[in-house]
Amino acid sequence: MAATVSPRLFKIMQTFNVEQFLQASEEEFIACLPAVSRIALRNSHLSQGQSLSHERELLLSRLIQYPQVGFLHDLLSLDFSELINDISKEKQFRMKSNVSKTEESTLISNLSRGICVEFEEGNALRKVHLVLSEMLFVVSKVQSSQSKFSSKNSALFNNQSYLNQLVAILSIVQAEVDDKLPLTELCEALLRFETCSTLVPLLLLNKAHEFYPVCSALVRAFETSEEKYSILCQRRCEVLLECYRMNPESACFLRDLCIEEGKLHHFLLQMSLIDVGLRRNFPEFFVSLCEEREKQNGPKSPFVLHLKNAFRRSPSVSSSQSSALLSDGGDALMLKEYLLEQLVALNRSALEPEDLVRAIAQLRLQFVLKNVLGMKFEDEERSHVVRLLTNQKHNNAFSLTFINVSLAFFIACPLVVSDNTSENAFKSWIHFLLDHREVYESAYGSQNAFGEVLLLLALHFHNNQLSNVSQLVSDLLRVRGAVKTSSLAKMKSLFVQELFPEPVIAEYAPLVAVTPSLSARISGYLPVHCIHQLLKSRAFSKHGIRSVRDWVVRQLRASTAPLHSLLPTLIENYVHSLVQPTAKSKGIANEPITEKELLQVFRLSLNKKGQVIDEQEIEDPLTAQLLFFYYYLFYEDTRLHDSKMAASRPLLQYSGTLHECISIELLLLKGHQRQSQYADLYPRLMRLVCEYYPYLCPHIPTSSISQLRVTSSPLPTKSELRQAIDGLLTSPKLLIKMLQTLRRSEPEALMPFADELITRLLPLLIREAQVDRIVVDLFKDTWMKLNVAMLRKLSVLTLRAFVSQYGLTLCWDDLVHDPLCLLRCQERVYRCPPLLEILLAILSTALSASRVRLGYHLKQHPGREAENSNGQERNELKNTLISSQESAAVQLLLEACLPRENEREESQRCFGVLREVQSIICSFLHQLFIEDPNLLRLIHFQGYNPKLVPLTVASIPSMHICFDFIPELMRQPHLEKIMFCVELLSHLCQQYRLPVVIHLCKLTIDVTSTLLDVLIQDELYEFAMRVSPALGRMAQVFPPLIDSVITLLVQCGRIAEAHVNLSGSISTGEAIAYSDEPVAKRAKKVLSCVAAIQNTFKTLLEETEIFNRFKCDQVTS
């Protein structure tokens, strides 16, 4: 019988280390004789140099000890070129159809004495011909697709005594005629002989570098039409197993090859359970194999399907059934024996860390085999599984993970607790875990704590969320969606009725440790899910558990960016449980977060991290402050909107100190810069900010944020800035350079300079009018940048500087209570455009804050009227107060647009300080009118200086809204308002030449005609004097109205002429010198009226074609 190939011998042949090879045993040396003889006799693989003769001498001295060497020498002495021709002729002969099924050969002619006798008595060439004749016949049959050829009964190849000679012949001949007889074809053909499991490994031993190509060919040659457990398949598996035993390092290669090709599953399983490395990693390998296809949503692996079919069939099938069934059952039995062996070994071990790792992998494999492949637990196996799961002796770093996996296994495989014994063991184990939770978490941390898993399971069972239970189990076992919700009924009953009734859950939940550094990067079910669910169901309120507040505070402090998506919802449900207790809670609500706890968070510096508060480290102050700020806003919003509940029970009201400590502007700025990390919080936070702090929203637009750039120049110190301010009047260049640097800095970097800029520089800019304009502009830009980070404080400091002449120390509350106090500033502010822009920015903030405060006051003090119709009256009074306040501000700003005595000439120019001031004010008024069109209506019903009408119409784009209330304004009983309306409409016509406006002009002409008939003399002349130019402007815009306008003008002129005729001819000088003062005034009005009518006629006449022709004729003459 041929020698057995050891892994050590194969390794020597791979490297061909002569020294190690010479130390091989006699049996091992004989197995390698073909390759060694060819190497030693032909020197083809010996190293060149001085060691050549020495290595050859060593090999030859060993070879001459064996008589087989003579035969090998004869083989190597053959004429292989002639042999190649013989092989080619034989192949051509085999290709003929009439001889393809016969064993005739061109290599041998007469075998009267039998092939074995001929082989024994023949010379080397005769033996080669006999072997090649057999092999080429089999090769031709294998390559032929006409018939299945699985076995050949050969007296030569099936005789054990000839194996060494056959190996020698095949090895040497194949090496010399490699192209004509590839080793892969040769090995595939050898599978048809009974001795293939010996021949193929010996051939590969003598040609070790061909090991992997041959094994690959043997695996890939397996055809799907080939029966799984036919003789050929069995031989193929035996050959590959022998090859694996010869080269154990090929185990992973062979396993991956079988998986990739989806073939030879029996061999794959057998090798995986034989090899030490593969056996140890088999659980992870098989589970990952199942999971990989699940993740790719592709078909299951053929190996997995093979085992699934194996478990469907009973292993105790009768012998009359097919061999395939027998083998499938054998695979199932083989795998079950492996599982049982592993369970027994684990139960006997001390469950050290490496044992727990193996146990976790084994449980995952058991789960997959049970729930995915349909394996059934036997009684012995079930008892060992329960014993392993409920083991309480382990206490190391892997204990928490093992307990979590054990919990998931119990839920996923409830049949393991099918009897009373196993059920009682499970209950005792759960109680043991509850009693020792703190011990495990204090020793190994709360990262993988089983307390939260128990809590989540109990909650999901109580809420009948079986799909969530299935998902949780899958996450713990790291196997996707393999738990059927229909199998969870028993475990649900145990958890809900015996282990975790609702009072136990509510009491146990706040004791679970919070998740450190909770962020969106942490996936899966966490303690925050448990608390969120309990808050949502009001379990804490129903059972009087008040300790949840401490848990919420700890978790919010321990949160980091990117924010976990459940935290905003957790805050909302917590606030609802504070403000809106349900009927089942019997009025018992949770406790709100104390003001002291909030102050501790908001007094952190956003530029520092890791500050210690109450011996707890806040890793991310910005995230904590945003979360607590959202809690504060949502709590106040819920409390104010639920006035009935607030009246029925006292609720905590936070003081103004807390509000002052919150740097809202800086929080919103940083939150906006990182809003991608707060995607679930930022929109909700901005909704509340827009409701309670709308004046902060315009200060954080995208355009402003995009301008924030870190300057490359170092920032000046406070003392340097102070010195530059003091030298402004003598040398402004230094201050200009510093302001340019500050303007390019981030808003929070400017905060330390706020006091110096406002208390020292701003009064100087107000007091000294000769300061360069560039300094004031740079100050304005810096102020606007700083206003983003500290709006309220900056507004108060600036207000004090603007009204410093009154010696008042105003605060933010004073400004919000009376925004008009800002407009009592020094005259210089109204004539310095950059300072005026600052003034208007503060005014806009103050008006908005005042509106919010009035609404907040109504919600804070609803009063008894809130329950009846008087609540609407209170809102109307509030709106009236807001309108009066804003209209007063608009009237004051409009007055600021009027030129002073020294600005009369400048007002006639298109450019200048006054024109710039008017443009800034009109732009501000436009924003106010767009936000509240009713304010525009109120201003015009109040009226303002008619001299400003041309300015407002030309500079405020929203003035077109006046068209909507012109008819109503025209119906006012006051003559002054009617005249103001006519003048306003005339300028609007010139600005907006729309066809629709002509109807308003016709209405105005009708009203004017009526008033001319009913007004007394003094009112008539003043009315005609102011209305005549306006009517002329309307006629210029709409020529069809010229006739009606001329008729009115003629009517006015006749009335004036009649008065002159009655009073006598009075010149202007005479009227002034007239002794009767009333008569003089009336005469002035008459003359002014006549002059206005004449000018209007002249203007209209200049527009006519006849006048233009007459003018041209005069120029020509």
# chains A, B, ... in the order shown; residues from 1 in each chain; ligands from 1

call {"tool": "residues_around", "arguments": {"residues": "Arg1026 of chain A", "least_positions_apart": "6", "cutoff": "9 Å", "atoms": "only C-alpha atoms", "output": "JSON, numbers by chain"}}
result
{"A": [979, 980, 982, 983, 1089, 1092]}

call {"tool": "select_by_dssp", "arguments": {"residues": "segment 912-970 of chain A", "states": "alpha helix (DSSP H)", "output": "PyMOL selection string"}}
result
chain A and resi 913-931+933-942+949-955+966-970

call {"tool": "residues_around", "arguments": {"residues": "Lys793 of chain A", "least_positions_apart": "6", "cutoff": "9 Å", "atoms": "only C-alpha atoms", "output": "PyMOL selection string"}}
result
chain A and resi 787+811-812

call {"tool": "write_last_selection", "arguments": {"atoms": "N, CA, C and O atoms", "output": "PDB file, in the first residue's frame"}}
result
ATOM      1  N   ASN A 787     -23.770  92.413  17.178  1.00  0.00           N
ATOM      2  CA  ASN A 787     -25.191  92.309  17.519  1.00  0.00           C
ATOM      3  C   ASN A 787     -25.726  90.893  17.326  1.00  0.00           C
ATOM      4  O   ASN A 787     -26.719  90.495  17.937  1.00  0.00           O
ATOM      5  N   CYS A 811     -32.539  99.712  31.193  1.00  0.00           N
ATOM      6  CA  CYS A 811     -32.241  98.289  31.021  1.00  0.00           C
ATOM      7  C   CYS A 811     -33.089  97.739  29.879  1.00  0.00           C
ATOM      8  O   CYS A 811     -33.882  98.464  29.260  1.00  0.00           O
ATOM      9  N   TRP A 812     -32.928  96.435  29.639  1.00  0.00           N
ATOM     10  CA  TRP A 812     -33.662  95.798  28.545  1.00  0.00           C
ATOM     11  C   TRP A 812     -35.172  95.860  28.776  1.00  0.00           C
ATOM     12  O   TRP A 812     -35.929  96.097  27.836  1.00  0.00           O
TER      13      TRP A 812
END

call {"tool": "residues_around", "arguments": {"residues": "segment 779-785 of chain A", "least_positions_apart": "2", "cutoff": "8 Å", "atoms": "only C-alpha atoms", "output": "list in words"}}
result
Leu739, Leu742, Arg743, Glu746, Pro747, Val775, Val776, Asp777, Asn787, Val788, Ala789, Pro834, Leu835, Glu837 and Ile838 of chain A

call {"tool": "closest_residue", "arguments": {"among": "A:Tyr338, A:Phe1097, A:Tyr162, A:Phe222", "to": "Ser272 of chain A", "atoms": "only C-alpha atoms"}}
result
A:Tyr338

call {"tool": "residues_around", "arguments": {"residues": "Glu260 of chain A", "least_positions_apart": "3", "cutoff": "12 Å", "atoms": "only C-alpha atoms", "output": "list in words"}}
result
Ser216, Val219, Arg220, Cys252, Phe253, Leu254, Arg255, Asp256, Leu257, Lys263, Leu264, His265, Leu268, Leu289, Ser301, Pro302 and Phe303 of chain A

call {"tool": "write_last_selection", "arguments": {"atoms": "N, CA and C atoms", "output": "PDB file, in the first residue's frame"}}
result
ATOM      1  N   SER A 216      -8.707  23.288  -7.250  1.00  0.00           N
ATOM      2  CA  SER A 216      -9.728  24.161  -7.851  1.00  0.00           C
ATOM      3  C   SER A 216     -10.435  23.445  -8.999  1.00  0.00           C
ATOM      4  N   VAL A 219     -12.917  20.832  -7.703  1.00  0.00           N
ATOM      5  CA  VAL A 219     -14.156  21.414  -7.169  1.00  0.00           C
ATOM      6  C   VAL A 219     -15.028  21.930  -8.312  1.00  0.00           C
ATOM      7  N   ARG A 220     -14.437  22.639  -9.237  1.00  0.00           N
ATOM      8  CA  ARG A 220     -15.229  23.224 -10.321  1.00  0.00           C
ATOM      9  C   ARG A 220     -15.760  22.169 -11.283  1.00  0.00           C
ATOM     10  N   CYS A 252      -8.877  27.145   4.421  1.00  0.00           N
ATOM     11  CA  CYS A 252      -9.647  28.359   4.102  1.00  0.00           C
ATOM     12  C   CYS A 252      -9.841  28.496   2.599  1.00  0.00           C
ATOM     13  N   PHE A 253      -8.805  28.162   1.842  1.00  0.00           N
ATOM     14  CA  PHE A 253      -8.925  28.244   0.380  1.00  0.00           C
ATOM     15  C   PHE A 253     -10.009  27.304  -0.133  1.00  0.00           C
ATOM     16  N   LEU A 254      -9.996  26.063   0.343  1.00  0.00           N
ATOM     17  CA  LEU A 254     -10.989  25.090  -0.107  1.00  0.00           C
ATOM     18  C   LEU A 254     -12.389  25.485   0.353  1.00  0.00           C
ATOM     19  N   ARG A 255     -12.503  26.003   1.570  1.00  0.00           N
ATOM     20  CA  ARG A 255     -13.820  26.420   2.058  1.00  0.00           C
ATOM     21  C   ARG A 255     -14.371  27.566   1.218  1.00  0.00           C
ATOM     22  N   ASP A 256     -13.563  28.578   1.002  1.00  0.00           N
ATOM     23  CA  ASP A 256     -14.024  29.716   0.205  1.00  0.00           C
ATOM     24  C   ASP A 256     -14.342  29.295  -1.223  1.00  0.00           C
ATOM     25  N   LEU A 257     -13.560  28.364  -1.759  1.00  0.00           N
ATOM     26  CA  LEU A 257     -13.807  27.899  -3.121  1.00  0.00           C
ATOM     27  C   LEU A 257     -15.143  27.178  -3.214  1.00  0.00           C
ATOM     28  N   LYS A 263     -20.717  24.307  -4.361  1.00  0.00           N
ATOM     29  CA  LYS A 263     -20.638  22.880  -4.652  1.00  0.00           C
ATOM     30  C   LYS A 263     -20.001  22.138  -3.476  1.00  0.00           C
ATOM     31  N   LEU A 264     -20.175  20.786  -3.483  1.00  0.00           N
ATOM     32  CA  LEU A 264     -19.522  19.885  -2.525  1.00  0.00           C
ATOM     33  C   LEU A 264     -19.793  20.308  -1.081  1.00  0.00           C
ATOM     34  N   HIS A 265     -21.080  20.397  -0.717  1.00  0.00           N
ATOM     35  CA  HIS A 265     -21.463  20.845   0.622  1.00  0.00           C
ATOM     36  C   HIS A 265     -21.077  19.826   1.690  1.00  0.00           C
ATOM     37  N   LEU A 268     -17.522  20.292   2.395  1.00  0.00           N
ATOM     38  CA  LEU A 268     -17.336  21.558   3.094  1.00  0.00           C
ATOM     39  C   LEU A 268     -17.641  21.416   4.580  1.00  0.00           C
ATOM     40  N   LEU A 289     -22.237  33.877   6.851  1.00  0.00           N
ATOM     41  CA  LEU A 289     -22.660  33.409   5.528  1.00  0.00           C
ATOM     42  C   LEU A 289     -24.151  33.635   5.334  1.00  0.00           C
ATOM     43  N   SER A 301     -27.355  31.091   0.420  1.00  0.00           N
ATOM     44  CA  SER A 301     -26.221  30.317  -0.048  1.00  0.00           C
ATOM     45  C   SER A 301     -26.628  28.858  -0.269  1.00  0.00           C
ATOM     46  N   PRO A 302     -26.139  28.213  -1.340  1.00  0.00           N
ATOM     47  CA  PRO A 302     -26.460  26.792  -1.557  1.00  0.00           C
ATOM     48  C   PRO A 302     -26.073  25.919  -0.373  1.00  0.00           C
ATOM     49  N   PHE A 303     -25.007  26.274   0.321  1.00  0.00           N
ATOM     50  CA  PHE A 303     -24.612  25.510   1.498  1.00  0.00           C
ATOM     51  C   PHE A 303     -25.661  25.619   2.601  1.00  0.00           C
TER      52      PHE A 303
END

call {"tool": "residues_around", "arguments": {"residues": "Ala412 of chain A", "least_positions_apart": "6", "cutoff": "8 Å", "atoms": "only C-alpha atoms", "output": "VMD selection string"}}
result
chain A and resid 367 371 470 473 483 487 to 488

call {"tool": "residues_around", "arguments": {"residues": "Leu130 of chain A", "least_positions_apart": "4", "cutoff": "8 Å", "atoms": "only C-alpha atoms", "output": "CSV table (one decimal) with C-alpha atoms, in the first residue's frame"}}
result
chain,number,residue,atom,x,y,z
A,107,LEU,CA,-0.3,1.9,-27.6
A,108,ILE,CA,-0.9,-1.8,-26.9
A,115,ILE,CA,-2.8,-6.5,-18.3
A,119,PHE,CA,2.7,-4.9,-16.6
A,126,ARG,CA,5.8,-1.3,-22.1
A,134,GLU,CA,-5.9,3.0,-19.5

call {"tool": "decode", "arguments": {"residues": "segment 756-780 of chain A", "atoms": "N, CA and C atoms", "output": "tab-separated table (two decimals), in the first residue's frame"}}
result
chain	number	residue	atom	x	y	z
A	756	GLU	N	-15.76	98.54	25.57
A	756	GLU	CA	-14.88	99.60	25.07
A	756	GLU	C	-15.49	100.29	23.86
A	757	LEU	N	-16.10	99.52	22.97
A	757	LEU	CA	-16.67	100.10	21.76
A	757	LEU	C	-17.87	100.99	22.07
A	758	ILE	N	-18.70	100.58	23.00
A	758	ILE	CA	-19.96	101.31	23.24
A	758	ILE	C	-19.78	102.42	24.26
A	759	THR	N	-19.08	102.16	25.33
A	759	THR	CA	-18.98	103.17	26.39
A	759	THR	C	-17.91	104.23	26.12
A	760	ARG	N	-16.94	103.94	25.25
A	760	ARG	CA	-15.88	104.91	24.98
A	760	ARG	C	-15.95	105.47	23.56
A	761	LEU	N	-16.09	104.59	22.59
A	761	LEU	CA	-16.03	105.06	21.21
A	761	LEU	C	-17.34	105.68	20.76
A	762	LEU	N	-18.48	105.08	21.08
A	762	LEU	CA	-19.77	105.59	20.59
A	762	LEU	C	-20.06	107.00	21.10
A	763	PRO	N	-19.89	107.33	22.37
A	763	PRO	CA	-20.12	108.74	22.77
A	763	PRO	C	-19.24	109.72	22.03
A	764	LEU	N	-18.02	109.29	21.71
A	764	LEU	CA	-17.13	110.16	20.96
A	764	LEU	C	-17.66	110.40	19.54
A	765	LEU	N	-18.20	109.36	18.93
A	765	LEU	CA	-18.75	109.52	17.58
A	765	LEU	C	-19.99	110.40	17.59
A	766	ILE	N	-20.77	110.33	18.66
A	766	ILE	CA	-21.98	111.17	18.76
A	766	ILE	C	-21.61	112.62	19.02
A	767	ARG	N	-20.61	112.81	19.84
A	767	ARG	CA	-20.25	114.18	20.27
A	767	ARG	C	-19.46	114.92	19.20
A	768	GLU	N	-18.56	114.24	18.50
A	768	GLU	CA	-17.67	114.89	17.55
A	768	GLU	C	-18.16	114.64	16.12
A	769	ALA	N	-18.69	115.67	15.51
A	769	ALA	CA	-19.23	115.53	14.16
A	769	ALA	C	-18.13	115.47	13.10
A	770	GLN	N	-16.90	115.92	13.44
A	770	GLN	CA	-15.84	115.95	12.45
A	770	GLN	C	-15.09	114.63	12.33
A	771	VAL	N	-15.54	113.59	13.01
A	771	VAL	CA	-14.88	112.29	12.88
A	771	VAL	C	-15.05	111.76	11.46
A	772	ASP	N	-13.99	111.16	10.94
A	772	ASP	CA	-14.04	110.64	9.57
A	772	ASP	C	-15.19	109.67	9.40
A	773	ARG	N	-15.82	109.74	8.24
A	773	ARG	CA	-16.98	108.87	7.97
A	773	ARG	C	-16.57	107.38	7.95
A	774	ILE	N	-15.36	107.08	7.53
A	774	ILE	CA	-14.93	105.68	7.46
A	774	ILE	C	-14.89	105.05	8.85
A	775	VAL	N	-14.57	105.85	9.86
A	775	VAL	CA	-14.55	105.33	11.24
A	775	VAL	C	-15.97	104.96	11.67
A	776	VAL	N	-16.91	105.83	11.36
A	776	VAL	CA	-18.30	105.56	11.75
A	776	VAL	C	-18.84	104.35	10.99
A	777	ASP	N	-18.50	104.24	9.72
A	777	ASP	CA	-18.96	103.07	8.95
A	777	ASP	C	-18.37	101.78	9.50
A	778	LEU	N	-17.08	101.78	9.83
A	778	LEU	CA	-16.46	100.58	10.40
A	778	LEU	C	-17.07	100.24	11.75
A	779	PHE	N	-17.37	101.26	12.54
A	779	PHE	CA	-18.03	101.02	13.83
A	779	PHE	C	-19.41	100.37	13.62
A	780	LYS	N	-20.13	100.88	12.63
A	780	LYS	CA	-21.46	100.29	12.35
A	780	LYS	C	-21.34	98.82	11.95
